[in-house]
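Asks: Compact mmCIF, C-alpha atoms, file query_14.txt:
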```txt
# COMPACT_ATOMS: atom_id res chain seq x y z
CA MET A 97 35.41 3.34 -80.02
CA PRO A 98 32.08 5.08 -79.13
CA GLU A 99 31.21 2.30 -76.69
CA ARG A 100 34.55 2.81 -74.92
CA LEU A 101 33.94 6.50 -74.64
CA THR A 102 30.52 5.90 -73.11
CA GLU A 103 31.97 3.58 -70.48
CA MET A 104 34.63 6.15 -69.53
CA LEU A 105 31.98 8.84 -69.05
CA MET A 106 29.86 6.56 -66.87
CA ASP A 107 32.85 5.75 -64.70
CA THR A 108 33.50 9.46 -64.22
CA TRP A 109 29.90 10.71 -63.50
CA THR A 110 28.49 7.85 -61.47
CA PRO A 111 30.34 8.76 -58.19
CA LEU A 112 29.37 12.39 -58.61
CA ILE A 113 25.69 11.55 -59.07
CA ILE A 114 25.73 9.32 -55.97
CA LEU A 115 27.39 12.07 -53.93
CA TRP A 116 24.80 14.65 -55.13
CA ILE A 117 21.90 12.39 -54.17
CA THR A 118 23.40 11.82 -50.72
CA VAL A 119 24.26 15.41 -49.83
CA LEU A 120 21.33 17.31 -51.40
CA PRO A 121 18.65 16.45 -48.76
CA SER A 122 20.78 17.64 -45.87
CA ILE A 123 21.56 20.85 -47.70
CA TYR A 124 17.89 21.74 -48.20
CA MET A 125 16.44 20.39 -44.99
CA ALA A 126 18.49 22.53 -42.62
CA PRO A 127 17.37 25.94 -43.95
CA MET A 128 13.75 24.77 -44.02
CA ASN A 129 13.79 23.92 -40.34
CA GLN A 130 15.57 27.14 -39.52
CA SER A 131 13.11 29.37 -41.32
CA GLN A 132 9.90 27.62 -40.22
CA VAL A 133 10.68 26.69 -36.66
CA LEU A 134 8.88 29.76 -35.17
CA PRO A 135 6.25 32.25 -36.25
CA SER A 136 7.14 35.55 -37.86
CA GLY A 137 8.38 38.06 -35.29
CA SER A 138 9.84 35.51 -32.78
CA SER A 139 13.43 36.73 -33.09
CA THR A 140 14.46 35.40 -29.65
CA GLY A 141 13.49 31.85 -30.45
CA LEU A 142 15.20 32.01 -33.84
CA LYS A 143 18.45 33.22 -32.27
CA ARG A 144 18.36 30.45 -29.66
CA LEU A 145 17.65 27.90 -32.38
CA ASN A 146 20.63 29.01 -34.46
CA GLU A 147 22.93 28.78 -31.45
CA GLU A 148 21.80 25.22 -30.66
CA GLN A 149 22.16 24.22 -34.28
CA ARG A 150 25.74 25.47 -34.39
CA VAL A 151 26.56 23.48 -31.25
CA LEU A 152 24.78 20.22 -32.09
CA HIS A 153 25.39 20.38 -35.85
CA ARG A 154 21.84 19.14 -36.52
CA SER A 155 18.40 20.57 -37.26
CA LYS A 156 16.22 21.20 -34.20
CA ARG A 157 12.69 19.96 -34.35
CA GLY A 158 10.17 22.75 -34.33
CA TRP A 159 6.84 24.14 -35.37
CA VAL A 160 5.86 24.74 -38.97
CA TRP A 161 2.97 27.02 -39.95
CA ASN A 162 2.06 30.01 -42.04
CA GLN A 163 1.61 33.44 -40.56
CA MET A 164 -1.84 33.74 -39.06
CA PHE A 165 -4.31 36.51 -39.72
CA VAL A 166 -8.05 36.80 -39.33
CA LEU A 167 -10.25 39.45 -40.92
CA GLU A 168 -12.15 41.59 -38.42
CA GLU A 169 -15.94 41.68 -38.43
CA PHE A 170 -15.98 38.54 -40.58
CA SER A 171 -18.66 36.02 -39.78
CA GLY A 172 -20.26 33.08 -41.49
CA PRO A 173 -22.31 29.98 -40.81
CA GLU A 174 -19.19 28.09 -39.75
CA PRO A 175 -16.21 29.01 -37.54
CA ILE A 176 -13.47 30.78 -39.45
CA LEU A 177 -10.31 28.81 -40.20
CA VAL A 178 -7.42 30.97 -39.07
CA GLY A 179 -4.54 28.63 -39.82
CA ARG A 180 -2.93 25.29 -39.02
CA LEU A 181 -0.22 24.41 -36.53
CA HIS A 182 2.09 21.58 -37.38
CA THR A 183 5.23 20.22 -35.80
CA ASP A 184 7.83 18.43 -37.85
CA LEU A 185 7.65 15.63 -35.30
CA ASP A 186 4.21 14.74 -36.62
CA PRO A 187 4.55 11.98 -39.22
CA GLY A 188 0.81 12.03 -39.80
CA SER A 189 -0.08 9.51 -37.14
CA SER A 190 -2.48 10.10 -34.28
CA LYS A 191 0.19 10.05 -31.56
CA ILE A 192 0.53 13.87 -31.51
CA LYS A 193 -1.92 16.04 -29.57
CA TYR A 194 -1.97 19.80 -30.08
CA ILE A 195 -2.72 22.09 -27.15
CA LEU A 196 -3.48 25.85 -27.40
CA SER A 197 -3.29 28.40 -24.57
CA GLY A 198 -3.08 32.17 -24.19
CA ASP A 199 -5.31 35.08 -25.26
CA GLY A 200 -8.77 33.79 -26.08
CA ALA A 201 -7.75 30.14 -26.22
CA GLY A 202 -10.78 27.91 -25.83
CA THR A 203 -13.26 30.79 -26.20
CA ILE A 204 -12.28 32.95 -29.16
CA PHE A 205 -9.85 30.47 -30.72
CA VAL A 206 -10.27 26.71 -30.71
CA ILE A 207 -7.73 24.18 -31.97
CA ASN A 208 -8.38 20.76 -33.42
CA ASP A 209 -6.04 18.71 -31.26
CA LYS A 210 -5.47 16.18 -34.05
CA THR A 211 -4.94 18.34 -37.12
CA GLY A 212 -3.71 21.57 -35.48
CA ASP A 213 -6.37 23.61 -37.28
CA ILE A 214 -7.24 26.84 -35.44
CA HIS A 215 -10.71 28.36 -35.84
CA ALA A 216 -12.10 31.71 -34.68
CA MET A 217 -15.41 31.14 -32.98
CA LYS A 218 -16.74 34.69 -32.94
CA ARG A 219 -16.58 37.96 -34.82
CA LEU A 220 -13.48 40.00 -33.96
CA ASP A 221 -13.05 43.76 -33.77
CA ARG A 222 -9.55 45.08 -34.49
CA GLU A 223 -10.33 48.38 -32.78
CA GLU A 224 -11.12 46.45 -29.60
CA LYS A 225 -8.06 44.17 -29.77
CA ALA A 226 -5.60 44.12 -32.65
CA GLU A 227 -3.67 40.92 -31.91
CA TYR A 228 -3.71 37.86 -29.72
CA THR A 229 -0.68 36.12 -28.26
CA LEU A 230 -1.08 32.37 -27.93
CA THR A 231 1.12 29.41 -27.07
CA ALA A 232 1.10 26.08 -28.88
CA GLN A 233 2.47 22.79 -27.62
CA ALA A 234 2.66 19.25 -28.96
CA VAL A 235 2.27 16.46 -26.40
CA ASP A 236 2.06 12.70 -26.55
CA ARG A 237 -1.62 11.81 -26.81
CA ASP A 238 -1.26 8.81 -24.51
CA THR A 239 1.04 10.22 -21.80
CA ASN A 240 0.42 13.98 -22.18
CA GLN A 241 4.17 14.41 -21.96
CA PRO A 242 5.53 17.39 -23.94
CA LEU A 243 7.32 16.33 -27.08
CA GLU A 244 9.17 19.65 -27.27
CA PRO A 245 9.03 23.09 -25.57
CA PRO A 246 5.94 25.25 -26.18
CA SER A 247 6.12 27.91 -28.88
CA GLU A 248 4.51 31.34 -28.80
CA PHE A 249 2.87 32.93 -31.83
CA ILE A 250 0.57 35.84 -32.67
CA ILE A 251 -2.73 35.99 -34.48
CA LYS A 252 -3.28 39.45 -35.94
CA VAL A 253 -6.72 40.86 -36.68
CA GLN A 254 -6.70 42.39 -40.13
CA ASP A 255 -8.45 45.71 -40.51
CA ILE A 256 -11.47 46.51 -42.64
CA ASN A 257 -12.88 49.96 -43.21
CA ASP A 258 -15.62 49.86 -40.59
CA ASN A 259 -15.02 53.20 -38.86
CA ALA A 260 -15.89 56.62 -40.22
CA PRO A 261 -13.63 59.62 -39.49
CA GLU A 262 -14.63 61.68 -36.45
CA PHE A 263 -13.87 65.27 -35.46
CA VAL A 264 -13.53 64.80 -31.71
CA GLU A 265 -12.72 68.47 -31.00
CA GLY A 266 -15.46 69.98 -33.19
CA PRO A 267 -17.35 72.16 -33.70
CA TYR A 268 -14.59 74.72 -34.15
CA HIS A 269 -14.42 78.51 -33.82
CA ALA A 270 -11.69 80.61 -35.42
CA THR A 271 -10.84 84.25 -36.04
CA VAL A 272 -8.93 85.88 -38.88
CA PRO A 273 -8.36 89.61 -39.51
CA GLU A 274 -10.56 91.20 -42.16
CA MET A 275 -8.87 92.31 -45.40
CA SER A 276 -6.31 89.49 -45.06
CA VAL A 277 -4.38 88.44 -48.16
CA VAL A 278 -5.27 85.17 -49.89
CA GLY A 279 -3.66 82.19 -48.17
CA THR A 280 -3.72 83.62 -44.64
CA PHE A 281 -3.82 80.84 -42.03
CA VAL A 282 -7.18 80.59 -40.26
CA THR A 283 -7.10 77.35 -38.24
CA LYS A 284 -6.40 73.63 -38.41
CA VAL A 285 -8.94 70.87 -37.82
CA THR A 286 -8.23 67.23 -37.00
CA ALA A 287 -10.24 64.09 -37.64
CA THR A 288 -9.40 60.65 -36.28
CA ASP A 289 -10.16 57.24 -37.74
CA ALA A 290 -10.15 54.16 -35.55
CA ASP A 291 -9.13 51.90 -38.43
CA ASP A 292 -5.56 50.67 -38.87
CA PRO A 293 -3.36 53.52 -40.13
CA VAL A 294 -0.71 51.05 -41.35
CA TYR A 295 -2.79 48.51 -43.21
CA GLY A 296 -4.40 49.76 -46.42
CA ASN A 297 -6.10 53.14 -46.81
CA SER A 298 -8.87 52.68 -44.25
CA ALA A 299 -7.46 55.48 -42.10
CA LYS A 300 -5.96 57.63 -44.88
CA LEU A 301 -7.98 60.84 -44.68
CA VAL A 302 -8.56 63.57 -47.24
CA TYR A 303 -10.23 66.85 -46.24
CA SER A 304 -12.54 69.04 -48.31
CA ILE A 305 -14.94 71.98 -47.86
CA LEU A 306 -18.63 71.28 -48.34
CA GLU A 307 -19.77 74.81 -47.41
CA GLY A 308 -17.75 77.99 -47.16
CA GLN A 309 -16.40 78.46 -50.66
CA PRO A 310 -15.18 80.63 -52.30
CA TYR A 311 -14.18 82.45 -49.13
CA PHE A 312 -12.00 79.73 -47.61
CA SER A 313 -9.97 76.72 -48.73
CA ILE A 314 -8.54 73.67 -46.96
CA GLU A 315 -5.39 71.70 -47.66
CA PRO A 316 -6.52 68.11 -48.40
CA HIS A 317 -3.92 66.31 -46.30
CA THR A 318 -3.01 68.76 -43.51
CA ALA A 319 -6.54 70.12 -42.87
CA ILE A 320 -5.20 73.68 -42.64
CA ILE A 321 -7.90 76.22 -43.46
CA LYS A 322 -6.83 79.42 -45.25
CA THR A 323 -8.50 82.49 -46.71
CA ALA A 324 -9.33 82.13 -50.40
CA LEU A 325 -10.68 85.60 -51.27
CA PRO A 326 -8.94 88.99 -50.84
CA ASN A 327 -10.45 92.03 -49.14
CA MET A 328 -13.09 90.29 -47.06
CA ASP A 329 -14.70 93.20 -45.23
CA ARG A 330 -15.96 92.74 -41.67
CA GLU A 331 -18.25 95.72 -42.09
CA ALA A 332 -19.98 93.89 -44.97
CA LYS A 333 -20.08 90.40 -43.40
CA GLU A 334 -18.56 89.48 -40.07
CA GLU A 335 -19.20 85.74 -39.64
CA TYR A 336 -18.90 82.72 -41.93
CA PHE A 337 -20.17 79.17 -41.40
CA VAL A 338 -17.88 76.52 -42.93
CA VAL A 339 -18.56 72.77 -43.20
CA ILE A 340 -15.50 70.49 -43.42
CA GLN A 341 -15.56 66.84 -44.54
CA ALA A 342 -12.95 64.18 -43.80
CA LYS A 343 -13.13 61.08 -46.02
CA ASP A 344 -11.10 57.92 -45.60
CA MET A 345 -9.79 55.54 -48.28
CA GLY A 346 -7.71 58.47 -49.52
CA GLY A 347 -10.88 60.25 -50.55
CA HIS A 348 -11.80 57.62 -53.13
CA MET A 349 -15.28 56.39 -53.87
CA GLY A 350 -16.60 54.00 -51.26
CA GLY A 351 -14.77 55.65 -48.38
CA LEU A 352 -16.53 56.64 -45.17
CA SER A 353 -16.77 60.29 -44.18
CA GLY A 354 -17.44 62.58 -41.23
CA THR A 355 -18.11 66.31 -41.04
CA THR A 356 -17.62 69.19 -38.65
CA THR A 357 -18.40 72.90 -38.64
CA VAL A 358 -16.07 75.86 -38.29
CA THR A 359 -17.49 79.28 -37.40
CA ILE A 360 -15.01 81.86 -38.68
CA THR A 361 -15.25 85.46 -37.47
CA LEU A 362 -13.48 88.36 -39.16
CA SER A 363 -11.73 90.50 -36.58
CA ASP A 364 -11.64 94.26 -37.08
CA VAL A 365 -8.77 96.27 -38.52
CA ASN A 366 -8.70 100.05 -38.90
CA ASP A 367 -9.67 100.31 -42.54
CA ASN A 368 -12.36 103.01 -42.15
CA PRO A 369 -11.86 106.72 -41.32
CA PRO A 370 -14.18 108.63 -38.98
CA LYS A 371 -16.98 110.53 -40.72
CA PHE A 372 -19.06 113.38 -39.28
CA ALA A 373 -22.78 112.76 -39.47
CA GLN A 374 -23.26 116.29 -40.85
CA SER A 375 -20.96 118.93 -42.30
CA LEU A 376 -22.47 121.90 -40.38
CA TYR A 377 -23.57 122.11 -36.75
CA HIS A 378 -25.50 125.02 -35.12
CA PHE A 379 -25.43 125.79 -31.41
CA SER A 380 -26.60 128.73 -29.30
CA VAL A 381 -25.36 129.72 -25.87
CA MET A 382 -26.32 132.36 -23.30
CA GLU A 383 -23.66 134.93 -22.78
CA ASP A 384 -23.66 134.35 -19.04
CA VAL A 385 -22.87 130.61 -19.31
CA ALA A 386 -20.42 129.37 -16.70
CA LEU A 387 -16.88 128.58 -17.81
CA GLY A 388 -16.32 124.88 -18.60
CA GLU A 389 -19.99 124.24 -19.30
CA PRO A 390 -20.67 122.11 -22.43
CA ILE A 391 -22.63 123.97 -25.10
CA GLY A 392 -22.97 121.17 -27.68
CA ARG A 393 -21.78 117.80 -29.00
CA VAL A 394 -20.57 116.66 -32.40
CA ARG A 395 -19.98 113.08 -33.50
CA ALA A 396 -17.83 111.43 -36.14
CA ASN A 397 -19.02 107.88 -36.84
CA ASP A 398 -16.54 105.09 -37.52
CA LEU A 399 -17.55 101.73 -39.02
CA ASP A 400 -14.71 100.06 -37.17
CA ILE A 401 -15.05 98.87 -33.59
CA GLY A 402 -13.04 98.95 -30.38
CA GLU A 403 -9.70 100.71 -30.47
CA ASN A 404 -9.94 101.13 -34.23
CA ALA A 405 -13.01 103.35 -33.84
CA LYS A 406 -11.53 105.76 -31.29
CA SER A 407 -11.02 109.34 -32.43
CA SER A 408 -9.68 112.57 -30.96
CA TYR A 409 -11.25 115.99 -31.67
CA ASP A 410 -9.54 119.36 -32.20
CA ILE A 411 -10.48 122.91 -33.20
CA ILE A 412 -8.20 123.63 -36.12
CA GLU A 413 -9.63 126.94 -37.44
CA GLY A 414 -12.06 129.70 -36.50
CA ASP A 415 -12.56 133.04 -34.77
CA GLY A 416 -13.21 131.42 -31.41
CA MET A 417 -10.22 129.11 -31.02
CA ASP A 418 -9.27 130.87 -27.77
CA ILE A 419 -12.88 131.13 -26.53
CA PHE A 420 -13.94 127.47 -26.96
CA GLU A 421 -12.40 124.02 -26.58
CA ILE A 422 -13.43 120.51 -27.66
CA THR A 423 -12.75 117.24 -25.81
CA THR A 424 -13.58 113.56 -26.45
CA ASP A 425 -16.17 111.67 -24.44
CA ALA A 426 -14.48 108.32 -23.74
CA GLN A 427 -17.81 106.52 -23.43
CA THR A 428 -19.72 107.83 -26.43
CA GLN A 429 -16.83 109.01 -28.63
CA ASP A 430 -18.60 112.37 -29.01
CA GLY A 431 -16.79 115.65 -29.30
CA ILE A 432 -17.92 117.99 -26.46
CA ILE A 433 -17.60 121.75 -27.04
CA ARG A 434 -17.06 123.86 -23.90
CA VAL A 435 -16.58 127.58 -23.09
CA ARG A 436 -13.08 128.55 -22.04
CA LYS A 437 -13.53 132.34 -21.63
CA PRO A 438 -16.52 134.61 -20.75
CA LEU A 439 -18.88 135.50 -23.56
CA ASP A 440 -20.31 138.97 -24.20
CA PHE A 441 -23.27 139.30 -26.46
CA GLU A 442 -22.74 143.02 -26.82
CA THR A 443 -19.17 142.50 -27.96
CA LYS A 444 -19.52 139.45 -30.29
CA LYS A 445 -22.73 137.73 -31.15
CA SER A 446 -21.49 134.60 -33.06
CA TYR A 447 -18.47 132.42 -33.73
CA THR A 448 -17.49 129.97 -36.48
CA LEU A 449 -15.22 127.02 -35.74
CA LYS A 450 -13.75 124.22 -37.84
CA VAL A 451 -13.39 120.97 -35.89
CA GLU A 452 -11.51 117.81 -36.86
CA ALA A 453 -11.94 114.15 -35.82
CA ALA A 454 -8.92 111.86 -36.37
CA ASN A 455 -8.38 108.17 -35.57
CA ILE A 456 -6.01 107.53 -32.70
CA HIS A 457 -4.77 104.07 -33.77
CA LEU A 458 -3.70 103.90 -37.39
CA ASP A 459 -2.92 100.85 -39.52
CA PRO A 460 -0.05 101.59 -41.95
CA ARG A 461 -1.46 99.10 -44.48
CA PHE A 462 -4.43 101.33 -45.21
CA LEU A 463 -2.95 104.82 -45.01
CA SER A 464 -2.69 105.00 -48.78
CA GLY A 465 -6.49 104.91 -48.96
CA GLY A 466 -6.72 108.47 -47.67
CA PRO A 467 -6.51 110.44 -44.42
CA PHE A 468 -8.16 108.80 -41.44
CA LYS A 469 -9.78 112.06 -40.34
CA ASP A 470 -12.74 114.30 -41.17
CA THR A 471 -13.78 117.93 -40.55
CA ALA A 472 -17.01 119.80 -39.89
CA THR A 473 -18.05 123.43 -39.36
CA VAL A 474 -19.60 124.60 -36.08
CA LYS A 475 -21.52 127.92 -35.83
CA ILE A 476 -22.15 129.22 -32.30
CA VAL A 477 -24.64 132.01 -31.64
CA VAL A 478 -24.34 133.98 -28.40
CA GLU A 479 -27.68 134.99 -26.93
CA ASP A 480 -28.29 138.08 -24.84
CA ALA A 481 -28.83 137.63 -21.12
CA ASP A 482 -30.70 140.16 -18.87
CA GLU A 483 -27.73 141.73 -17.17
CA PRO A 484 -28.02 144.08 -14.14
CA PRO A 485 -27.30 147.82 -14.43
CA VAL A 486 -23.69 148.83 -14.25
CA PHE A 487 -22.56 151.99 -12.37
CA SER A 488 -20.32 154.31 -14.27
CA SER A 489 -17.80 154.13 -11.44
CA PRO A 490 -17.31 151.54 -8.78
CA THR A 491 -16.85 154.29 -6.11
CA TYR A 492 -17.93 157.89 -5.69
CA LEU A 493 -16.55 160.63 -3.36
CA LEU A 494 -19.04 163.35 -2.42
CA GLU A 495 -18.37 166.38 -0.21
CA VAL A 496 -20.92 168.33 1.79
CA HIS A 497 -20.68 171.33 4.07
CA GLU A 498 -21.65 170.74 7.63
CA ASN A 499 -24.27 173.45 7.56
CA ALA A 500 -25.81 172.34 4.24
CA ALA A 501 -29.55 172.66 4.08
CA ILE A 502 -31.83 169.73 4.06
CA ASN A 503 -32.47 168.28 0.56
CA SER A 504 -29.34 169.90 -0.74
CA VAL A 505 -27.84 168.08 -3.75
CA LEU A 506 -24.58 166.44 -2.73
CA GLY A 507 -23.64 164.92 -6.06
CA GLN A 508 -24.73 162.38 -8.71
CA VAL A 509 -24.12 158.68 -9.45
CA THR A 510 -24.85 157.17 -12.85
CA ALA A 511 -25.56 153.65 -14.09
CA HIS A 512 -26.53 152.12 -17.41
CA ASP A 513 -28.13 148.91 -18.67
CA PRO A 514 -25.50 146.94 -20.64
CA ASP A 515 -28.20 145.05 -22.56
CA VAL A 516 -29.06 146.11 -26.05
CA SER A 517 -32.61 146.88 -24.94
CA SER A 518 -31.31 149.56 -22.49
CA SER A 519 -34.09 149.13 -20.01
CA PRO A 520 -34.90 152.13 -17.74
CA ILE A 521 -32.98 152.28 -14.51
CA ARG A 522 -34.28 153.59 -11.22
```
Would you mind writing the file's structure down as structure tokens?
Replies:
Amino acid sequence: MPERLTEMLMDTWTPLIILWITVLPSIYMAPMNQSQVLPSGSSTGLKRLNEEQRVLHRSKRGWVWNQMFVLEEFSGPEPILVGRLHTDLDPGSSKIKYILSGDGAGTIFVINDKTGDIHAMKRLDREEKAEYTLTAQAVDRDTNQPLEPPSEFIIKVQDINDNAPEFVEGPYHATVPEMSVVGTFVTKVTATDADDPVYGNSAKLVYSILEGQPYFSIEPHTAIIKTALPNMDREAKEEYFVVIQAKDMGGHMGGLSGTTTVTITLSDVNDNPPKFAQSLYHFSVMEDVALGEPIGRVRANDLDIGENAKSSYDIIEGDGMDIFEITTDAQTQDGIIRVRKPLDFETKKSYTLKVEAANIHLDPRFLSGGPFKDTATVKIVVEDADEPPVFSSPTYLLEVHENAAINSVLGQVTAHDPDVSSSPIR
């Protein structure tokens, strides 16, 4: 009974085994030819191949090779083996001859016409040329007749980290307002790396500050420079020298680096009020001074510059507000005191004024720090001038008889010296 069962099983499985052995090679051979007939990236040839295969219902003969790459800057005592070309027509005999043409064929790349081995004959630089397009063809060694159409492929030069980052636009200059809050944008720098940005980390840059801390910071990946300290005062320090480094390999050890400088200047804001150099000024003026003549200058200093340092002057108190005026000298920013009305030593010998200097352009951010103005006292002494005698009347009417005797007194005119000294009059 067991022997019978064994015979029945053999009768059943034997046809299936034979069928499997017959069909299996055709199942696996077709995809192999389809996938290896052209180099990676040759989509046009692959499409054409699939169309022909559907029409002819058979595998097309084609090229078989691995993707080809060569490392840049690599050199050795022998030529570098890049890869091997092989056609599925080649049974291993010497009837096939391989021919190479295209970029650098015969000079940079040389093919062994028997084995299909391709060698690079010289050191390659990816930054000079990243890939080479070549054409391979198999011909009959005796007749030189093509055995099948030529096939195009690419040899890519693989990158190594042989280029340091460079700041092409450096050195940089930037300006940021003084007293800016932390994180205020200053500027952005840019470094370039000639290495391949796609392959590896050779061109992956990370930025850092070598000099310029703790005043400024830089974002490692965007290279945006920002303020890092609050209340940086231009009046204390106006200019900063910052050194920026860009390092490739993602900033890791072994990466190459380049540096640039950024000169950062703090621009002025109105954060300082005007301040008089002294609280009391003394001036003297002759009583006969012409109207509009300047009799003195006062000055309120401002640590700011430009528009932020401009001030206007006014007389806000005093017993001579209607006698004197003060104006601003646009060039020197001095306050000029002038006479508006005639002075009279005999009537009033001195005046006291209170003058004010106030900034013209205010910054609302700093108003809470106090008034952007200052005051000072001005004392003006009027000096006596030697004035001419003054008649008691501008006109006199005198009558005399026609027969009056010689040397008769007709009348009298009087004059006096207005000066305090009352000098004699003749």
Asks: Restricting the calculation to only C-alpha atoms, which member of A:Phe379, A:Phe281, A:Phe468, A:Phe487 is positioned closest to A:Gln508?
Replies: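 Closest to A:Gln508, using only C-alpha atoms: A:Phe487.
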Asks: Please list as a PyMOL selection string every residue within 12 Å of A:Lys450, counting only C-alpha atoms and excluding residues in the same chain fewer than 5 positions away.
Replies: chain A and resi 375-377+394+409-417+420-422+433+470-476
Asks: For atom CA of A:Gly351 and atom CA of A:Thr323, quote the distance in Å rounded to one decimal.
Replies: 27.6 Å
Asks: For the atom pair atom CA of A:Val278 and atom CA of A:Leu399, what is the interatomic distance in Å to one decimal place?
Replies: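 Going from atom CA of A:Val278 over to atom CA of A:Leu399, I get 23.3 Å.
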Asks: Excluding same-chain residues fewer than 5 positions from A:Leu494, what lies within 10 Å of it counting only C-alpha atoms, as number ranges by chain?
Replies: A: 506-509
